[in-house]
Amino acid sequence: MKSLNGQLRAFKSSMLERADKAILCELAEGEAQARAEAASAAHLTVGDHAPDFTLSDPDGKKHRLKDYLAKGPVLVLFYRGGWSAPCTLTLRAFEDIAGDCHRAGASILAISPQKASRAAVVAESNLVSFPILIDVGNKVAAAFGIVGEIPPVLRRIYTQMGNNVPDENDAADWRLPRSSEFLICNSGVIHLAHVSPVSYERTEPREALEAMKSLSARILAGADDR
């Protein structure tokens, strides 16, 4: 099976092959701006304590991080929205390991600023079994330090493709979470942190699964998780 990042790179290559020269230049400029903004931003990392949060799923059920951590490690997965093909590829790839995560005593929580009606479609159309949570106004993403602004040069392209981010998120801005994964221990300490300003660079699900299994084993053994 092709790796998640292999799938994401293949999608990017396919998209670029169909784009004209002007679009290619704008995409390159937008990515450079996004990387520069991310490089100057401070986000939570390994050894930091993750902020507790309570978010609702599309059905209105509330999910609290602390409650999941009481059962075992939690992988918090931030994504832009179902309108982003790389994000849906990512959700499907992590769904492939969801059963193994559960058997290892770990949980996956996916977080996006998309409004509830959009999030419900994402969960159903991609057969996602783990909770998809709605982060209105990117408040939780901001607490993790991973919110970024879509560069103006990319907004026109996104809109032309039918991806009006403010409408998707029921917001007045073009702010989105960076593509991120945080593996959090039961004490709230972050054991794995990966943050990317682009949607085609992700932690491989199998690598995340092995980290979750290792962390679960340490917790069961009573090892210090700080």
# chains A, B, ... in the order shown; residues from 1 in each chain; ligands from 1
>>> residues_around(residues="Arg156 of chain A", least_positions_apart="4", cutoff="12 Å", atoms="only C-alpha atoms", output="ChimeraX atom specification")
/A:23,26-27,30,150-152,160-165,174
>>> write_last_selection(atoms="all heavy atoms", output="CSV table (one decimal), in the first residue's frame")
chain,number,residue,atom,x,y,z
A,23,ILE,N,-0.7,29.9,-13.0
A,23,ILE,CA,-1.2,29.3,-11.8
A,23,ILE,C,-0.1,28.6,-11.0
A,23,ILE,O,0.0,28.7,-9.8
A,23,ILE,CB,-2.3,28.2,-12.1
A,23,ILE,CG1,-3.6,28.9,-12.6
A,23,ILE,CG2,-2.7,27.4,-10.8
A,23,ILE,CD1,-4.3,29.8,-11.7
A,26,GLU,N,1.7,31.2,-9.1
A,26,GLU,CA,1.0,31.7,-8.0
A,26,GLU,C,1.0,30.7,-6.8
A,26,GLU,O,1.1,31.0,-5.6
A,26,GLU,CB,-0.4,32.0,-8.4
A,26,GLU,CG,-0.6,33.3,-9.3
A,26,GLU,CD,-2.0,33.5,-9.7
A,26,GLU,OE1,-2.8,32.6,-9.8
A,26,GLU,OE2,-2.3,34.7,-9.9
A,27,LEU,N,0.9,29.4,-7.2
A,27,LEU,CA,0.9,28.3,-6.2
A,27,LEU,C,2.3,28.3,-5.5
A,27,LEU,O,2.3,28.2,-4.3
A,27,LEU,CB,0.6,27.0,-6.9
A,27,LEU,CG,-0.8,26.7,-7.3
A,27,LEU,CD1,-0.9,25.5,-8.1
A,27,LEU,CD2,-1.7,26.6,-6.1
A,30,GLY,N,2.5,31.3,-3.2
A,30,GLY,CA,1.6,31.1,-2.0
A,30,GLY,C,2.3,30.2,-1.0
A,30,GLY,O,2.2,30.4,0.2
A,150,ILE,N,-4.4,32.0,5.0
A,150,ILE,CA,-4.1,31.7,3.6
A,150,ILE,C,-3.6,32.9,2.8
A,150,ILE,O,-4.3,33.9,2.9
A,150,ILE,CB,-5.4,31.1,2.9
A,150,ILE,CG1,-5.9,29.8,3.5
A,150,ILE,CG2,-5.2,30.9,1.4
A,150,ILE,CD1,-7.1,29.2,2.9
A,151,PRO,N,-2.5,32.8,2.2
A,151,PRO,CA,-1.9,34.0,1.5
A,151,PRO,C,-2.9,34.5,0.5
A,151,PRO,O,-3.6,33.7,-0.2
A,151,PRO,CB,-0.6,33.5,0.9
A,151,PRO,CG,-0.2,32.3,1.7
A,151,PRO,CD,-1.5,31.7,2.1
A,152,PRO,N,-3.0,35.8,0.3
A,152,PRO,CA,-3.9,36.4,-0.7
A,152,PRO,C,-3.7,35.9,-2.1
A,152,PRO,O,-4.7,35.7,-2.8
A,152,PRO,CB,-3.5,37.9,-0.6
A,152,PRO,CG,-3.0,38.1,0.8
A,152,PRO,CD,-2.3,36.9,1.1
A,160,GLN,N,-11.8,30.2,-7.1
A,160,GLN,CA,-12.1,29.7,-8.5
A,160,GLN,C,-12.4,28.2,-8.5
A,160,GLN,O,-13.2,27.7,-9.3
A,160,GLN,CB,-10.9,30.0,-9.4
A,160,GLN,CG,-10.8,31.4,-9.9
A,160,GLN,CD,-9.7,31.6,-10.9
A,160,GLN,OE1,-8.8,30.8,-10.9
A,160,GLN,NE2,-9.8,32.7,-11.7
A,161,MET,N,-11.8,27.5,-7.6
A,161,MET,CA,-12.0,26.0,-7.5
A,161,MET,C,-13.2,25.7,-6.7
A,161,MET,O,-13.5,24.5,-6.5
A,161,MET,CB,-10.7,25.4,-6.8
A,161,MET,CG,-9.5,25.5,-7.7
A,161,MET,SD,-8.0,24.9,-6.8
A,161,MET,CE,-8.4,23.2,-6.5
A,162,GLY,N,-13.9,26.7,-6.2
A,162,GLY,CA,-15.2,26.5,-5.4
A,162,GLY,C,-14.9,26.3,-4.0
A,162,GLY,O,-15.8,25.9,-3.2
A,163,ASN,N,-13.7,26.7,-3.5
A,163,ASN,CA,-13.4,26.5,-2.1
A,163,ASN,C,-13.4,27.9,-1.4
A,163,ASN,O,-12.3,28.4,-1.2
A,163,ASN,CB,-12.0,25.8,-1.9
A,163,ASN,CG,-12.0,24.4,-2.6
A,163,ASN,OD1,-13.0,23.8,-2.6
A,163,ASN,ND2,-10.9,24.0,-3.1
A,164,ASN,N,-14.5,28.4,-1.1
A,164,ASN,CA,-14.6,29.6,-0.4
A,164,ASN,C,-14.5,29.4,1.1
A,164,ASN,O,-15.5,29.0,1.8
A,164,ASN,CB,-15.9,30.3,-0.7
A,164,ASN,CG,-16.0,31.7,-0.1
A,164,ASN,OD1,-15.8,32.0,1.0
A,164,ASN,ND2,-16.4,32.7,-1.0
A,165,VAL,N,-13.3,29.5,1.7
A,165,VAL,CA,-13.0,29.2,3.0
A,165,VAL,C,-13.9,29.9,4.0
A,165,VAL,O,-14.4,29.2,5.0
A,165,VAL,CB,-11.5,29.4,3.3
A,165,VAL,CG1,-11.2,29.2,4.8
A,165,VAL,CG2,-10.7,28.4,2.6
A,174,TRP,N,-9.8,34.1,6.4
A,174,TRP,CA,-9.2,33.0,5.7
A,174,TRP,C,-8.2,32.3,6.5
A,174,TRP,O,-7.2,31.8,6.1
A,174,TRP,CB,-8.6,33.5,4.4
A,174,TRP,CG,-9.6,33.9,3.3
A,174,TRP,CD1,-10.3,35.0,3.3
A,174,TRP,CD2,-9.9,33.2,2.2
A,174,TRP,NE1,-11.1,35.1,2.2
A,174,TRP,CE2,-10.9,33.9,1.5
A,174,TRP,CE3,-9.5,32.0,1.6
A,174,TRP,CZ2,-11.4,33.5,0.2
A,174,TRP,CZ3,-10.0,31.5,0.4
A,174,TRP,CH2,-11.0,32.3,-0.3
>>> select_by_dssp(residues="segment 32-107 of chain A", states="strand (DSSP E or B)", output="MDAnalysis selection string")
chainID A and resid 49 54:56 62:64 74:78 107
>>> write_last_selection(atoms="C-alpha atoms", output="PDB file, in the first residue's frame")
ATOM      1  CA  HIS A  49       1.367  20.229  27.922  1.00  0.00           C
ATOM      2  CA  THR A  54     -14.220  20.465  24.703  1.00  0.00           C
ATOM      3  CA  LEU A  55     -15.606  20.467  21.151  1.00  0.00           C
ATOM      4  CA  SER A  56     -18.799  19.213  19.541  1.00  0.00           C
ATOM      5  CA  LYS A  62     -19.477  17.157  23.209  1.00  0.00           C
ATOM      6  CA  HIS A  63     -16.044  15.567  23.401  1.00  0.00           C
ATOM      7  CA  ARG A  64     -13.476  16.557  26.032  1.00  0.00           C
ATOM      8  CA  VAL A  74      -4.797  10.526  22.042  1.00  0.00           C
ATOM      9  CA  LEU A  75      -3.733  11.527  18.544  1.00  0.00           C
ATOM     10  CA  VAL A  76      -5.157  14.961  17.742  1.00  0.00           C
ATOM     11  CA  LEU A  77      -5.309  15.482  13.991  1.00  0.00           C
ATOM     12  CA  PHE A  78      -5.954  18.976  12.622  1.00  0.00           C
ATOM     13  CA  SER A 107      -7.930   7.367  20.380  1.00  0.00           C
TER      14      SER A 107
END
>>> select_by_dssp(residues="segment 25-126 of chain A", states="helix (DSSP H, G or I)", output="PyMOL selection string")
chain A and resi 25-39+65-69+85-95+98-103+116-125
>>> atom_distance(atom1="atom CA of Ala10 of chain A", atom2="atom CA of Leu176 of chain A")
23.2 Å
>>> closest_residue(among="A:Ala41, A:Leu183, A:Ile108, A:Val128", to="Ser196 of chain A", atoms="only C-alpha atoms")
A:Ala41
>>> closest_residue(among="A:Arg218, A:Lys213, A:Arg202, A:Arg178", to="Arg80 of chain A", atoms="only C-alpha atoms")
A:Arg178
>>> residues_around(residues="Asp100 of chain A", least_positions_apart="4", cutoff="10 Å", atoms="only C-alpha atoms", output="JSON, numbers by chain")
{"A": [95, 96, 104, 105, 106, 107, 206, 209, 210, 212, 213]}
>>> residues_around(residues="Cys185 of chain A", least_positions_apart="4", cutoff="7 Å", atoms="only C-alpha atoms", output="PyMOL selection string")
chain A and resi 69+72-74+189-191+225
>>> residues_around(residues="Pro177 of chain A", least_positions_apart="5", cutoff="8 Å", atoms="only C-alpha atoms", output="list in words")
Phe78, Tyr79, Arg80, Ser112, Pro113, Asn138, Ala141, Ala142, Ile146, Val147 and Gly148 of chain A
>>> closest_residue(among="A:Ile134, A:Ala143, A:Ile184, A:Ile97", to="Ile219 of chain A", atoms="only C-alpha atoms")
A:Ile184
>>> closest_residue(among="A:Leu109, A:Leu24, A:Ala50, A:Leu133", to="Lys12 of chain A", atoms="only C-alpha atoms")
A:Leu24
>>> atom_distance(atom1="atom CA of Val195 of chain A", atom2="atom CA of Ser180 of chain A")
4.4 Å
>>> closest_residue(among="A:Lys2, A:His194, A:Arg9, A:Lys115", to="Gly145 of chain A", atoms="only C-alpha atoms")
A:His194
